[in-house]
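Below is target22.txt, holding compact mmCIF, C-alpha atoms (C1' of nucleotides).
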```txt
# COMPACT_ATOMS: atom_id res chain seq x y z
CA MET A 2 -3.06 -49.91 -56.29
CA PRO A 3 0.03 -47.71 -56.49
CA GLN A 4 2.00 -46.59 -53.45
CA GLY A 5 1.95 -43.07 -52.02
CA VAL A 6 -0.84 -40.56 -51.51
CA ARG A 7 -0.04 -38.72 -54.69
CA ALA A 8 0.06 -41.73 -56.96
CA GLN A 9 -3.20 -42.99 -55.50
CA GLN A 10 -4.94 -39.68 -56.01
CA ARG A 11 -3.60 -39.54 -59.53
CA GLU A 12 -4.97 -42.96 -60.26
CA LEU A 13 -8.35 -42.13 -58.75
CA THR A 14 -8.65 -39.02 -60.88
CA ARG A 15 -7.72 -40.89 -64.02
CA GLN A 16 -10.17 -43.67 -63.31
CA ALA A 17 -12.95 -41.19 -62.60
CA LEU A 18 -12.31 -39.46 -65.92
CA VAL A 19 -12.31 -42.73 -67.83
CA ARG A 20 -15.37 -44.05 -66.03
CA GLU A 21 -17.49 -40.94 -66.46
CA SER A 22 -16.46 -40.30 -70.03
CA ARG A 23 -17.26 -43.88 -70.89
CA ARG A 24 -20.69 -43.52 -69.38
CA LEU A 25 -21.35 -40.28 -71.26
CA PHE A 26 -19.83 -41.42 -74.55
CA SER A 27 -21.85 -44.62 -74.54
CA THR A 28 -25.15 -42.91 -73.81
CA LEU A 29 -24.88 -39.67 -75.78
CA GLY A 30 -22.17 -40.38 -78.34
CA TYR A 31 -18.72 -38.85 -78.72
CA GLY A 32 -19.79 -35.71 -80.54
CA ALA A 33 -22.63 -34.83 -78.19
CA VAL A 34 -20.50 -34.95 -75.07
CA GLY A 35 -18.52 -31.88 -74.10
CA LEU A 36 -15.37 -31.94 -72.04
CA SER A 37 -17.11 -29.72 -69.52
CA GLU A 38 -19.70 -32.43 -68.88
CA ILE A 39 -17.01 -35.02 -68.41
CA VAL A 40 -14.92 -33.07 -65.96
CA ALA A 41 -18.02 -31.97 -64.03
CA ALA A 42 -19.17 -35.58 -63.71
CA ALA A 43 -15.71 -36.65 -62.61
CA GLY A 44 -15.51 -33.81 -60.10
CA VAL A 45 -12.37 -32.27 -61.57
CA THR A 46 -11.51 -29.55 -64.09
CA LYS A 47 -10.16 -29.47 -67.60
CA GLY A 48 -6.69 -28.96 -66.22
CA ALA A 49 -6.84 -32.45 -64.75
CA LEU A 50 -8.16 -33.92 -67.98
CA TYR A 51 -5.38 -32.46 -70.10
CA HIS A 52 -2.85 -33.49 -67.51
CA HIS A 53 -3.82 -37.12 -68.05
CA PHE A 54 -4.84 -37.14 -71.72
CA SER A 55 -3.51 -35.18 -74.65
CA SER A 56 -6.88 -34.72 -76.36
CA LYS A 57 -10.53 -35.66 -76.29
CA ALA A 58 -9.85 -38.28 -78.96
CA GLU A 59 -7.15 -39.92 -76.85
CA LEU A 60 -9.49 -40.11 -73.90
CA PHE A 61 -11.96 -41.82 -76.18
CA ARG A 62 -9.25 -44.15 -77.35
CA VAL A 63 -8.54 -45.29 -73.79
CA VAL A 64 -12.26 -45.85 -73.22
CA LEU A 65 -12.52 -47.85 -76.43
CA GLU A 66 -9.48 -49.91 -75.51
CA GLN A 67 -11.07 -50.78 -72.19
CA ALA A 68 -14.34 -51.81 -73.80
CA GLN A 69 -12.55 -53.94 -76.40
CA GLN A 70 -10.57 -55.70 -73.69
CA GLU A 71 -13.70 -56.58 -71.78
CA VAL A 72 -15.42 -58.01 -74.82
CA ALA A 73 -12.33 -60.00 -75.76
CA GLU A 74 -12.11 -61.44 -72.26
CA ARG A 75 -15.74 -62.50 -72.34
CA ILE A 76 -15.17 -64.24 -75.64
CA ALA A 77 -11.99 -65.95 -74.50
CA ALA A 78 -13.60 -67.14 -71.28
CA THR A 79 -16.50 -68.65 -73.18
CA ALA A 80 -14.45 -70.20 -75.94
CA ASP A 81 -11.66 -71.63 -73.81
CA ALA A 82 -14.14 -73.86 -72.03
CA ARG A 83 -14.66 -75.83 -75.23
CA GLU A 84 -12.58 -78.64 -76.54
CA SER A 85 -12.79 -78.52 -80.31
CA SER A 86 -11.83 -75.48 -82.35
CA TRP A 87 -15.10 -75.67 -84.14
CA GLU A 88 -17.09 -75.35 -80.96
CA GLN A 89 -14.81 -72.53 -79.90
CA LEU A 90 -15.72 -70.67 -83.07
CA LEU A 91 -19.43 -71.17 -82.55
CA VAL A 92 -19.63 -70.18 -78.90
CA GLY A 93 -17.08 -67.40 -79.43
CA CYS A 94 -19.25 -65.84 -82.10
CA GLU A 95 -22.32 -66.15 -79.93
CA ALA A 96 -20.45 -64.56 -77.05
CA PHE A 97 -19.45 -61.69 -79.28
CA LEU A 98 -23.03 -61.15 -80.32
CA GLY A 99 -24.16 -61.23 -76.72
CA ALA A 100 -21.54 -58.77 -75.54
CA SER A 101 -21.87 -56.39 -78.46
CA THR A 102 -25.61 -56.16 -78.04
CA ASP A 103 -25.07 -53.98 -75.00
CA PRO A 104 -25.84 -50.46 -76.28
CA ALA A 105 -23.18 -48.99 -74.03
CA ILE A 106 -20.52 -51.12 -75.70
CA GLN A 107 -21.96 -50.54 -79.13
CA ARG A 108 -22.00 -46.84 -79.45
CA ILE A 109 -18.32 -46.78 -78.49
CA MET A 110 -17.04 -49.86 -80.27
CA LEU A 111 -19.05 -49.90 -83.47
CA ILE A 112 -20.44 -46.45 -84.15
CA ASP A 113 -18.03 -43.82 -82.91
CA GLY A 114 -14.87 -45.91 -82.91
CA PRO A 115 -14.18 -45.88 -86.65
CA ALA A 116 -15.30 -42.28 -87.08
CA VAL A 117 -13.24 -40.83 -84.23
CA LEU A 118 -10.03 -42.80 -84.60
CA GLY A 119 -10.26 -43.55 -88.29
CA TRP A 120 -10.93 -46.98 -89.66
CA ALA A 121 -7.30 -48.05 -89.87
CA GLU A 122 -6.55 -47.44 -86.20
CA TRP A 123 -9.87 -48.91 -85.18
CA ARG A 124 -9.11 -52.07 -87.14
CA GLU A 125 -5.69 -52.30 -85.57
CA MET A 126 -7.18 -52.19 -82.09
CA ASN A 127 -9.80 -54.71 -83.02
CA GLU A 128 -7.21 -57.10 -84.34
CA ALA A 129 -5.26 -56.76 -81.12
CA THR A 130 -8.25 -57.94 -79.07
CA SER A 131 -11.41 -59.75 -80.11
CA GLY A 132 -10.48 -59.90 -83.79
CA ARG A 133 -7.39 -61.92 -82.99
CA HIS A 134 -9.38 -64.71 -81.41
CA LEU A 135 -11.48 -65.00 -84.52
CA ALA A 136 -8.50 -65.00 -86.87
CA GLU A 137 -6.66 -67.58 -84.77
CA VAL A 138 -9.48 -70.06 -84.54
CA LEU A 139 -10.21 -69.72 -88.24
CA ALA A 140 -6.56 -70.39 -89.04
CA VAL A 141 -6.65 -73.53 -86.92
CA LEU A 142 -9.87 -74.71 -88.54
CA ILE A 143 -8.41 -74.24 -91.99
CA GLU A 144 -5.27 -76.10 -91.04
CA GLU A 145 -7.34 -78.88 -89.54
CA GLY A 146 -9.30 -79.12 -92.75
CA THR A 147 -12.58 -78.35 -91.02
CA ILE A 148 -12.96 -75.32 -93.27
CA PRO A 149 -11.84 -75.39 -96.92
CA ALA A 150 -8.33 -74.06 -97.55
CA GLN A 151 -8.40 -70.31 -98.24
CA PRO A 152 -6.76 -67.05 -97.14
CA VAL A 153 -7.67 -66.34 -93.53
CA GLU A 154 -7.83 -62.57 -93.64
CA PRO A 155 -10.73 -62.01 -96.04
CA LEU A 156 -12.84 -64.58 -94.26
CA THR A 157 -12.07 -62.99 -90.91
CA HIS A 158 -13.21 -59.61 -92.14
CA LEU A 159 -16.37 -60.99 -93.66
CA LEU A 160 -17.39 -62.76 -90.47
CA SER A 161 -16.32 -59.90 -88.25
CA GLY A 162 -18.33 -57.42 -90.28
CA ALA A 163 -21.33 -59.72 -90.34
CA MET A 164 -21.33 -59.97 -86.57
CA ASN A 165 -20.82 -56.25 -86.04
CA GLU A 166 -23.80 -55.41 -88.19
CA ALA A 167 -25.91 -58.11 -86.61
CA ALA A 168 -25.11 -56.77 -83.16
CA LEU A 169 -26.13 -53.26 -84.19
CA TRP A 170 -29.35 -54.55 -85.62
CA LEU A 171 -30.12 -56.53 -82.48
CA ALA A 172 -29.60 -53.53 -80.24
CA ALA A 173 -31.98 -51.46 -82.32
CA SER A 174 -34.59 -54.19 -82.52
CA SER A 175 -37.33 -54.57 -79.96
CA ASP A 176 -38.43 -58.11 -80.72
CA PRO A 177 -36.61 -60.53 -78.41
CA ALA A 178 -37.03 -63.27 -80.99
CA ASP A 179 -34.58 -61.41 -83.20
CA LEU A 180 -31.65 -62.51 -81.07
CA ALA A 181 -32.55 -66.14 -81.60
CA ASP A 182 -33.08 -65.55 -85.32
CA ALA A 183 -29.75 -63.79 -85.70
CA THR A 184 -27.89 -66.45 -83.76
CA ALA A 185 -29.55 -69.12 -85.86
CA ALA A 186 -28.68 -67.34 -89.09
CA LEU A 187 -25.08 -66.90 -87.97
CA THR A 188 -24.82 -70.55 -86.98
CA ARG A 189 -26.23 -71.59 -90.35
CA LEU A 190 -23.70 -69.38 -92.04
CA LEU A 191 -20.84 -70.92 -90.09
CA GLU A 192 -22.11 -74.45 -90.59
CA ALA A 193 -22.32 -73.77 -94.28
CA LEU A 194 -18.62 -72.98 -94.28
CA ARG A 195 -17.67 -76.38 -92.95
CA VAL A 196 -16.57 -79.04 -95.37
CA PRO A 197 -19.27 -81.72 -95.64
CA MET B 24 -33.55 -27.53 -115.12
CA PRO B 25 -36.06 -25.28 -113.38
CA GLN B 26 -37.64 -22.22 -115.01
CA GLY B 27 -36.72 -18.64 -114.19
CA VAL B 28 -33.44 -16.92 -113.49
CA ARG B 29 -33.92 -17.14 -109.76
CA ALA B 30 -34.79 -20.81 -109.62
CA GLN B 31 -31.81 -21.63 -111.82
CA GLN B 32 -29.40 -19.66 -109.66
CA ARG B 33 -30.84 -21.30 -106.59
CA GLU B 34 -30.30 -24.73 -108.06
CA LEU B 35 -26.76 -23.91 -109.11
CA THR B 36 -25.87 -22.72 -105.64
CA ARG B 37 -27.37 -25.78 -104.05
CA GLN B 38 -25.56 -28.12 -106.41
CA ALA B 39 -22.26 -26.35 -105.83
CA LEU B 40 -22.68 -26.74 -102.09
CA VAL B 41 -23.51 -30.42 -102.36
CA ARG B 42 -20.71 -31.10 -104.84
CA GLU B 43 -17.98 -29.32 -102.90
CA SER B 44 -19.04 -30.64 -99.52
CA ARG B 45 -19.12 -34.14 -100.91
CA ARG B 46 -15.61 -33.73 -102.22
CA LEU B 47 -14.35 -32.38 -98.90
CA PHE B 48 -16.27 -34.84 -96.72
CA SER B 49 -15.02 -37.79 -98.71
CA THR B 50 -11.38 -36.75 -98.62
CA LEU B 51 -11.04 -35.25 -95.13
CA GLY B 52 -14.00 -36.68 -93.22
CA TYR B 53 -17.02 -34.94 -91.76
CA GLY B 54 -15.40 -33.71 -88.59
CA ALA B 55 -12.31 -32.30 -90.22
CA VAL B 56 -14.21 -30.14 -92.70
CA GLY B 57 -15.39 -26.72 -91.59
CA LEU B 58 -18.35 -24.89 -93.06
CA SER B 59 -16.01 -22.08 -94.00
CA GLU B 60 -14.06 -24.44 -96.27
CA ILE B 61 -17.24 -25.65 -97.90
CA VAL B 62 -18.70 -22.24 -98.63
CA ALA B 63 -15.33 -20.95 -99.85
CA ALA B 64 -15.00 -23.87 -102.26
CA ALA B 65 -18.55 -23.35 -103.48
CA GLY B 66 -17.97 -19.62 -103.92
CA VAL B 67 -20.76 -18.55 -101.59
CA THR B 68 -21.16 -17.66 -97.90
CA LYS B 69 -22.66 -19.30 -94.87
CA GLY B 70 -25.84 -17.37 -95.43
CA ALA B 71 -26.40 -19.33 -98.62
CA LEU B 72 -25.63 -22.62 -96.93
CA TYR B 73 -28.11 -22.08 -94.13
CA HIS B 74 -30.68 -20.89 -96.60
CA HIS B 75 -30.56 -24.29 -98.29
CA PHE B 76 -29.75 -26.61 -95.39
CA SER B 77 -30.77 -26.43 -91.77
CA SER B 78 -27.48 -27.74 -90.39
CA LYS B 79 -24.13 -29.23 -91.28
CA ALA B 80 -25.52 -32.67 -90.52
CA GLU B 81 -28.41 -32.20 -92.95
CA LEU B 82 -26.00 -31.18 -95.67
CA PHE B 83 -24.11 -34.37 -94.97
CA ARG B 84 -27.35 -36.30 -95.10
CA VAL B 85 -28.06 -35.03 -98.61
CA VAL B 86 -24.55 -35.95 -99.70
CA LEU B 87 -24.91 -39.42 -98.22
CA GLU B 88 -28.28 -39.88 -99.90
CA GLN B 89 -26.72 -39.02 -103.24
CA ALA B 90 -23.86 -41.46 -102.76
CA GLN B 91 -26.23 -44.24 -101.71
CA GLN B 92 -28.38 -43.67 -104.75
CA GLU B 93 -25.40 -43.97 -107.07
CA VAL B 94 -24.24 -47.21 -105.51
CA ALA B 95 -27.75 -48.65 -105.63
CA GLU B 96 -28.05 -47.75 -109.29
CA ARG B 97 -24.75 -49.43 -110.11
CA ILE B 98 -25.90 -52.56 -108.35
CA ALA B 99 -29.28 -52.56 -110.01
CA ALA B 100 -27.78 -52.03 -113.45
CA THR B 101 -25.39 -54.95 -112.97
CA ALA B 102 -27.92 -57.30 -111.41
CA ASP B 103 -30.81 -56.62 -113.77
CA ALA B 104 -28.75 -57.91 -116.68
CA ARG B 105 -28.89 -61.41 -115.21
CA GLU B 106 -31.65 -63.94 -115.59
CA SER B 107 -31.66 -66.04 -112.44
CA SER B 108 -32.07 -64.56 -108.98
CA TRP B 109 -29.02 -66.45 -107.84
CA GLU B 110 -26.82 -64.82 -110.43
CA GLN B 111 -28.34 -61.48 -109.53
CA LEU B 112 -27.26 -62.00 -105.94
CA LEU B 113 -23.72 -62.93 -106.93
CA VAL B 114 -23.06 -60.09 -109.36
CA GLY B 115 -24.97 -57.65 -107.17
CA CYS B 116 -22.68 -58.41 -104.25
CA GLU B 117 -19.63 -58.09 -106.44
CA ALA B 118 -20.91 -54.78 -107.76
CA PHE B 119 -21.39 -53.55 -104.22
CA LEU B 120 -17.85 -54.50 -103.32
CA GLY B 121 -16.54 -52.76 -106.39
CA ALA B 122 -18.49 -49.56 -105.80
CA SER B 123 -17.82 -49.40 -102.07
CA THR B 124 -14.12 -49.81 -102.55
CA ASP B 125 -13.97 -46.24 -103.79
CA PRO B 126 -12.52 -44.34 -100.83
CA ALA B 127 -14.64 -41.30 -101.64
CA ILE B 128 -17.80 -43.36 -101.27
CA GLN B 129 -16.51 -45.16 -98.24
CA ARG B 130 -15.67 -42.40 -95.90
CA ILE B 131 -19.17 -41.01 -96.37
CA MET B 132 -21.20 -44.20 -96.55
CA LEU B 133 -19.47 -46.49 -94.11
CA ILE B 134 -17.39 -44.44 -91.70
CA ASP B 135 -19.07 -41.11 -91.04
CA GLY B 136 -22.62 -42.07 -91.98
CA PRO B 137 -23.52 -44.03 -88.86
CA ALA B 138 -21.66 -41.65 -86.55
CA VAL B 139 -23.15 -38.43 -87.91
CA LEU B 140 -26.74 -39.50 -88.47
CA GLY B 141 -26.91 -42.25 -85.91
CA TRP B 142 -27.12 -45.90 -86.78
CA ALA B 143 -30.92 -46.05 -86.93
CA GLU B 144 -31.26 -43.31 -89.52
CA TRP B 145 -28.29 -44.66 -91.45
CA ARG B 146 -29.86 -48.11 -91.56
CA GLU B 147 -33.13 -46.64 -92.73
CA MET B 148 -31.42 -44.90 -95.64
CA ASN B 149 -29.51 -48.01 -96.50
CA GLU B 150 -32.65 -50.09 -96.57
CA ALA B 151 -34.25 -47.58 -98.88
CA THR B 152 -31.47 -48.00 -101.45
CA SER B 153 -28.87 -50.72 -101.86
CA GLY B 154 -30.04 -52.71 -98.85
CA ARG B 155 -33.44 -53.18 -100.43
CA HIS B 156 -32.01 -54.95 -103.47
CA LEU B 157 -30.24 -57.41 -101.23
CA ALA B 158 -33.30 -58.09 -99.08
CA GLU B 159 -35.50 -58.54 -102.14
CA VAL B 160 -33.29 -60.99 -103.93
CA LEU B 161 -32.77 -62.98 -100.75
CA ALA B 162 -36.52 -63.16 -100.22
CA VAL B 163 -36.96 -64.48 -103.76
CA LEU B 164 -34.20 -67.05 -103.31
CA ILE B 165 -35.75 -68.32 -100.10
CA GLU B 166 -39.16 -68.54 -101.72
CA GLU B 167 -37.64 -70.37 -104.67
CA GLY B 168 -36.03 -72.82 -102.33
CA THR B 169 -32.54 -71.93 -103.54
CA ILE B 170 -31.67 -70.91 -100.00
CA PRO B 171 -33.02 -72.77 -96.95
CA ALA B 172 -36.18 -71.30 -95.44
CA GLN B 173 -35.35 -68.73 -92.75
CA PRO B 174 -36.16 -65.16 -91.70
CA VAL B 175 -34.85 -62.75 -94.33
CA GLU B 176 -33.87 -59.85 -92.11
CA PRO B 177 -31.08 -61.41 -90.03
CA LEU B 178 -29.47 -62.89 -93.10
CA THR B 179 -29.66 -59.57 -94.90
CA HIS B 180 -27.88 -57.82 -92.05
CA LEU B 181 -25.21 -60.49 -91.80
CA LEU B 182 -24.39 -60.29 -95.49
CA SER B 183 -24.65 -56.53 -95.63
CA GLY B 184 -22.28 -56.17 -92.69
CA ALA B 185 -19.88 -58.68 -94.16
CA MET B 186 -19.67 -56.74 -97.40
CA ASN B 187 -19.31 -53.38 -95.69
CA GLU B 188 -16.39 -54.59 -93.65
CA ALA B 189 -14.81 -56.29 -96.64
CA ALA B 190 -15.07 -53.08 -98.64
CA LEU B 191 -13.36 -51.12 -95.89
CA TRP B 192 -10.61 -53.68 -95.67
CA LEU B 193 -10.08 -53.63 -99.41
CA ALA B 194 -9.79 -49.86 -99.50
CA ALA B 195 -7.14 -49.92 -96.80
CA SER B 196 -5.23 -52.78 -98.37
CA SER B 197 -2.46 -52.24 -100.86
CA ASP B 198 -2.22 -55.73 -102.31
CA PRO B 199 -4.35 -55.94 -105.47
CA ALA B 200 -4.72 -59.67 -104.92
CA ASP B 201 -6.87 -58.91 -101.89
CA LEU B 202 -9.80 -57.92 -104.07
CA ALA B 203 -9.76 -61.31 -105.75
CA ASP B 204 -9.39 -63.06 -102.40
CA ALA B 205 -12.26 -61.14 -100.86
CA THR B 206 -14.51 -61.75 -103.83
CA ALA B 207 -13.64 -65.42 -103.74
CA ALA B 208 -14.33 -65.65 -100.01
CA LEU B 209 -17.65 -63.87 -100.44
CA THR B 210 -18.65 -66.14 -103.30
CA ARG B 211 -17.73 -69.19 -101.23
CA LEU B 212 -19.83 -67.85 -98.40
CA LEU B 213 -22.81 -67.33 -100.67
CA GLU B 214 -22.39 -70.69 -102.36
CA ALA B 215 -22.28 -72.30 -98.95
CA LEU B 216 -25.70 -70.87 -98.25
CA ARG B 217 -27.30 -72.58 -101.19
CA VAL B 218 -29.12 -75.84 -100.66
CA PRO B 219 -27.09 -78.68 -102.15
C1' DG C 8 12.54 -30.35 -39.18
C1' DT C 9 13.63 -27.50 -43.26
C1' DC C 10 14.01 -26.65 -47.89
C1' DC C 11 13.31 -27.43 -52.52
C1' DT C 12 11.62 -29.49 -56.49
C1' DA C 13 8.22 -31.45 -59.29
C1' DG C 14 4.02 -33.32 -60.12
C1' DA C 15 -1.14 -32.85 -59.92
C1' DC C 16 -4.17 -30.22 -60.54
C1' DA C 17 -7.28 -25.29 -60.92
C1' DT C 18 -8.10 -20.94 -63.31
C1' DA C 19 -8.33 -17.90 -67.02
C1' DC C 20 -7.90 -17.32 -71.53
C1' DT C 21 -7.77 -18.04 -76.92
C1' DG C 22 -9.17 -19.46 -81.52
C1' DA C 23 -12.23 -21.58 -84.26
C1' DA C 24 -16.32 -23.77 -85.17
C1' DG C 25 -21.41 -24.17 -85.87
C1' DG C 26 -25.30 -21.47 -85.82
C1' DT C 27 -28.36 -16.99 -85.77
C1' DA C 28 -30.22 -12.20 -86.76
C1' DC C 29 -30.71 -9.01 -89.83
C1' DG C 30 -30.12 -6.31 -93.88
C1' DC C 31 -29.71 -5.77 -98.87
C1' DC C 32 -30.95 -6.29 -103.68
C1' DA C 33 -32.59 -8.23 -107.77
C1' DA C 34 -36.43 -10.97 -109.74
C1' DC C 35 -41.22 -11.70 -110.23
C1' DA C 36 -46.28 -10.48 -109.71
C1' DC C 37 -49.70 -7.04 -110.50
C1' DG D 4 -43.93 1.52 -111.55
C1' DT D 5 -44.54 -0.39 -107.15
C1' DG D 6 -44.77 -3.86 -103.56
C1' DT D 7 -43.31 -8.15 -102.19
C1' DT D 8 -40.53 -12.10 -101.67
C1' DG D 9 -36.85 -15.17 -102.24
C1' DG D 10 -31.84 -15.73 -102.31
C1' DC D 11 -28.01 -14.59 -100.19
C1' DG D 12 -24.17 -11.56 -97.76
C1' DT D 13 -22.56 -9.58 -93.32
C1' DA D 14 -21.92 -9.26 -88.64
C1' DC D 15 -22.51 -11.28 -84.60
C1' DC D 16 -23.20 -14.85 -80.79
C1' DT D 17 -22.28 -19.11 -78.33
C1' DT D 18 -20.03 -23.08 -77.41
C1' DC D 19 -16.33 -25.99 -77.40
C1' DA D 20 -11.57 -28.05 -77.75
C1' DG D 21 -7.27 -26.73 -76.49
C1' DT D 22 -3.45 -23.74 -74.07
C1' DA D 23 -0.83 -20.91 -70.80
C1' DT D 24 0.02 -20.10 -66.44
C1' DG D 25 -0.60 -20.07 -61.59
C1' DT D 26 -0.93 -22.70 -57.15
C1' DC D 27 -0.44 -25.93 -53.71
C1' DT D 28 1.28 -29.90 -51.58
C1' DA D 29 3.51 -34.58 -51.42
C1' DG D 30 7.85 -36.40 -51.01
C1' DG D 31 12.86 -36.66 -51.38
C1' DA D 32 17.57 -34.48 -49.90
C1' DC D 33 20.10 -32.94 -46.07
```

Kindly transcribe the structure held in the file into structure tokens.
Amino acid sequence: MPQGVRAQQRELTRQALVRESRRLFSTLGYGAVGLSEIVAAAGVTKGALYHHFSSKAELFRVVLEQAQQEVAERIAATADARESSWEQLLVGCEAFLGASTDPAIQRIMLIDGPAVLGWAEWREMNEATSGRHLAEVLAVLIEEGTIPAQPVEPLTHLLSGAMNEAALWLAASSDPADLADATAALTRLLEALRVP
Amino acid sequence: MPQGVRAQQRELTRQALVRESRRLFSTLGYGAVGLSEIVAAAGVTKGALYHHFSSKAELFRVVLEQAQQEVAERIAATADARESSWEQLLVGCEAFLGASTDPAIQRIMLIDGPAVLGWAEWREMNEATSGRHLAEVLAVLIEEGTIPAQPVEPLTHLLSGAMNEAALWLAASSDPADLADATAALTRLLEALRVP
DNA sequence: GTCCTAGACATACTGAAGGTACGCCAACAC
DNA sequence: GTGTTGGCGTACCTTCAGTATGTCTAGGAC
């Protein structure tokens, strides 16, 4: 918490804006949420919003960054508890699926993210957080010889995309058995990658 | 071509709107294109646009439908030339990668599609076109025993997502070797699925 | 304590965008 | 020839992101 009445108030306002906009973005989607709703929910005015953020898209960017961080931390916490890199890959992927199934995370991270910021910037952010974990563990596994030698980047994108789509499907599905099926299919896919 | 002067003019206007909006959507993105630009490019006014389409989103929907159809046809044409289901899967996936690498297709199909129409509707359209080919051939391969017995749907989503992401990565990449690498990685992934 | 500056907002406004209401005119039916 | 309807243009409305400017007070200088 910062020192001084002013700095504290500033921080409170900023947090309220981020919190409320995240709630609204995740439930209604970026396009369907007006700035007036956000500032009303945060108990401030548009003057405050534009004092803290240069545009609606930048506010979204901060929200997305926060969500990405949280997901990455969940993955890291789950994976770091394992010894072997291979197990880290498996439980890391499962953790990603679990975290990304949350509709609130989804709408922001997977649906609106690429459209609002553009795919390039979205990818960059992804690679700075959860995507990095995946790329790193794959690189280790290839070096170890657990996975056949090959360029890391294409494989990372393939797996990352597979999990993103699976997460979206799971969130839309109503059958609870689907989660088990998807996890099983993903595990099979990963196992199939391993050298015999 | 429909009969009558009126019906022909109607069709021409509609086609001009779809053609120009597709061009603009694919180059600038849905959000960055105004209706005024579209109608100006098509040589009509907003009155004409709203006579043919109920909203900007519906116009986009028609454009997306058209793009999906084209991709699906390219895949079908490539795959149908092969004898075995396994080969159909391989060349079908490659055809999808090739078609989706076109930035004009991409922006509409993979970036804006889910955000504008919502993921559920986007998925539905996908499953009616190119996604169906994938699901069908996978079902056949499982029944044949070429791929281990498992639910078809999760696997379809995993592979579909993997290819979508790979296509987006390829379009953003500048190195021409990436296409070969991605294709190789995808082929390895598919081969790994096959029962030994 | 006083003064002054600057930062943290609120208020009022602008431009542009999507969408609507309505009017016009040529094509088609009869 | 006359009435009707479909196809489209024009003018307008509403909403929304973004801006310009005012206001008030915390906090440092003295």

Exercise for review: Please return, as a PyMOL selection string, all polymer residues that have at least one atom within 9 Å of the point (-33.8, -7.0, -104.3); use only C-alpha atoms (C1' of nucleotides) and the file's own coordinate frame.
Suggested key: (chain C and resi 31-34) or (chain D and resi 8-9)

Point to revise | For CA of Thr14 in chain A and CA of Gly48 in chain A, the interatomic separation in Å (one decimal) | key: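 CA of Thr14 in chain A sits 11.6 Å away from CA of Gly48 in chain A.
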
What are the closest atom pairs, with distances in Å to one decimal, for each residue of chain A lying within 9 Å of chain D, using all atoms listed in the file, rows by chain and rising residue number, as CSV?
```
residue,atom,partner,partner_atom,distance
A:Gly5,CA,D:DA29,C1',8.7
A:Val6,CA,D:DA29,C1',7.4
A:Arg7,CA,D:DA29,C1',6.4
A:Gly35,CA,D:DC19,C1',7.1
A:Leu36,CA,D:DA20,C1',7.9
A:Ser37,CA,D:DC19,C1',8.8
A:Tyr51,CA,D:DG21,C1',8.8
A:Ser56,CA,D:DG21,C1',8.0
A:Lys57,CA,D:DA20,C1',7.8
```

Practice item. Kindly provide, as an MDAnalysis selection string, the residues of chain C having any atom no farther than 10 Å from an atom of chain A, counting all atoms listed in the file. Key: chainID C and resid 14:18

Check your understanding: Which chain B residues are at most 10 Å from chain A (counting only C-alpha atoms), as a count of residues only?
Key -> 56

Exercise for review: Pick out the residues sitting within 12 Å of range 95-106 of chain B, and hand them over as a ChimeraX atom specification; count only C-alpha atoms (C1' of nucleotides), and ignore anything fewer than 2 positions along from it in its own chain.
Suggested key: /B:88-93,108-123,148-157,159-160

Check your understanding: Counting all atoms listed in the file, what is within 8 Å of Glu21 in chain A, bar same-chain residues fewer than 3 positions away, as an MDAnalysis selection string?
Key -> chainID A and resid 17:18 24:25 39 42:43

Any chance you could export the current selection's C-alpha atoms as an mmCIF file, in the frame of the given file?
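Result saved to again.cif:
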```
data_model
loop_
_atom_site.group_PDB
_atom_site.id
_atom_site.type_symbol
_atom_site.label_atom_id
_atom_site.label_comp_id
_atom_site.auth_asym_id
_atom_site.auth_seq_id
_atom_site.Cartn_x
_atom_site.Cartn_y
_atom_site.Cartn_z
ATOM 1 C CA ALA A 17 -12.950 -41.190 -62.600
ATOM 2 C CA LEU A 18 -12.310 -39.460 -65.920
ATOM 3 C CA ARG A 24 -20.690 -43.520 -69.380
ATOM 4 C CA LEU A 25 -21.350 -40.280 -71.260
ATOM 5 C CA ILE A 39 -17.010 -35.020 -68.410
ATOM 6 C CA ALA A 42 -19.170 -35.580 -63.710
ATOM 7 C CA ALA A 43 -15.710 -36.650 -62.610
#
```
